[in-house]
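The block underneath contains the structure these notes are about, expressed in structure tokens.
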Amino acid sequence: MLEASFLNLSDRSRPDGAVSVWPAWEVQEHESATSWFNVRLAFGDGAQVDVLAVVSDAGVSIEDVRAQPPLSLDDLAVLADWIEEPLFEACGVPAGPSCEQGGGPARRARPSWPRGVEGRWLVAEEYRAAQEEGFDPVLAVMCATGHSRRKSLRLIAGARDEGFLTPRHARR
């Protein structure tokens, strides 16, 4: 039987918790590296969450989560918001474009995005702006459109086909 009390991350504010991040280990393969980080979110009332996060060229993923008291599914969805910025700081990576859309993250409510040529033009604009600022352009398109990585890559390919972005590979 599940325990009745949960951590309730969504009901807590930033000053309530302290996030600590430290490297666990790193694996280098050719020119890329995959790094594991331990992340601890601790609260004054004794509640804590321990996370093992993996950072690679493909992005950031969570490999393991342990919490006392347990996390609800809603808390699990909010966990990324709590640890994202400190994890990026520990990696030495700029936090990148925020997925904030008027108070809530884009992954929870997809913003409206125009279809057709106008949508492909806007995708190209987001892509180029992210490149100029030194951020991941695919992530910028994902945040702007609210779509998955695969769908965002399709939108970027459509913008390339339309001629709004330079071709990916030089034709021979």
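FYI, nothing fancy with the structure tokens labels: chains A, B, ... in order, residues from 1 per chain, ligands from 1 as they appear.
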* To do: Give me every helix (DSSP H, G or I) residue in chain A, going by DSSP on the backbone, as a PyMOL selection string.
  => chain A and resi 9-11+14-16+73-91+116-133+137-145+149-162
* **Closest of A:Glu133, A:Glu162, A:Glu84, A:Glu118 to Val39 of chain A - atom-to-atom distances counting only C-alpha atoms** => A:Glu84
* **Best match for closeness to Val51 of chain A among A:Leu73, A:Gly116, A:Asn8, A:Leu79, counting only C-alpha atoms** => A:Leu79
* Might you pull out every residue within 12 Å of segment 62-66 of chain A, with only C-alpha atoms counted and same-chain residues fewer than 4 positions away left off, and present them as a PyMOL selection string? => chain A and resi 7+35-42+47-56+70-72+75-77+79-80+83-84+87
* Structure fact -> atom CA of Ser10 of chain A sits from atom CA of Val78 of chain A at a separation of 6.4 Å
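Nearest to Arg120 of chain A of all the residues A:Ala90, A:Ala140, A:Leu155, A:Ala67 is A:Leu155, based on only C-alpha atoms.
Picture a line from atom CA of Pro23 of chain A to atom CA of Ala58 of chain A; it runs 18.2 Å.
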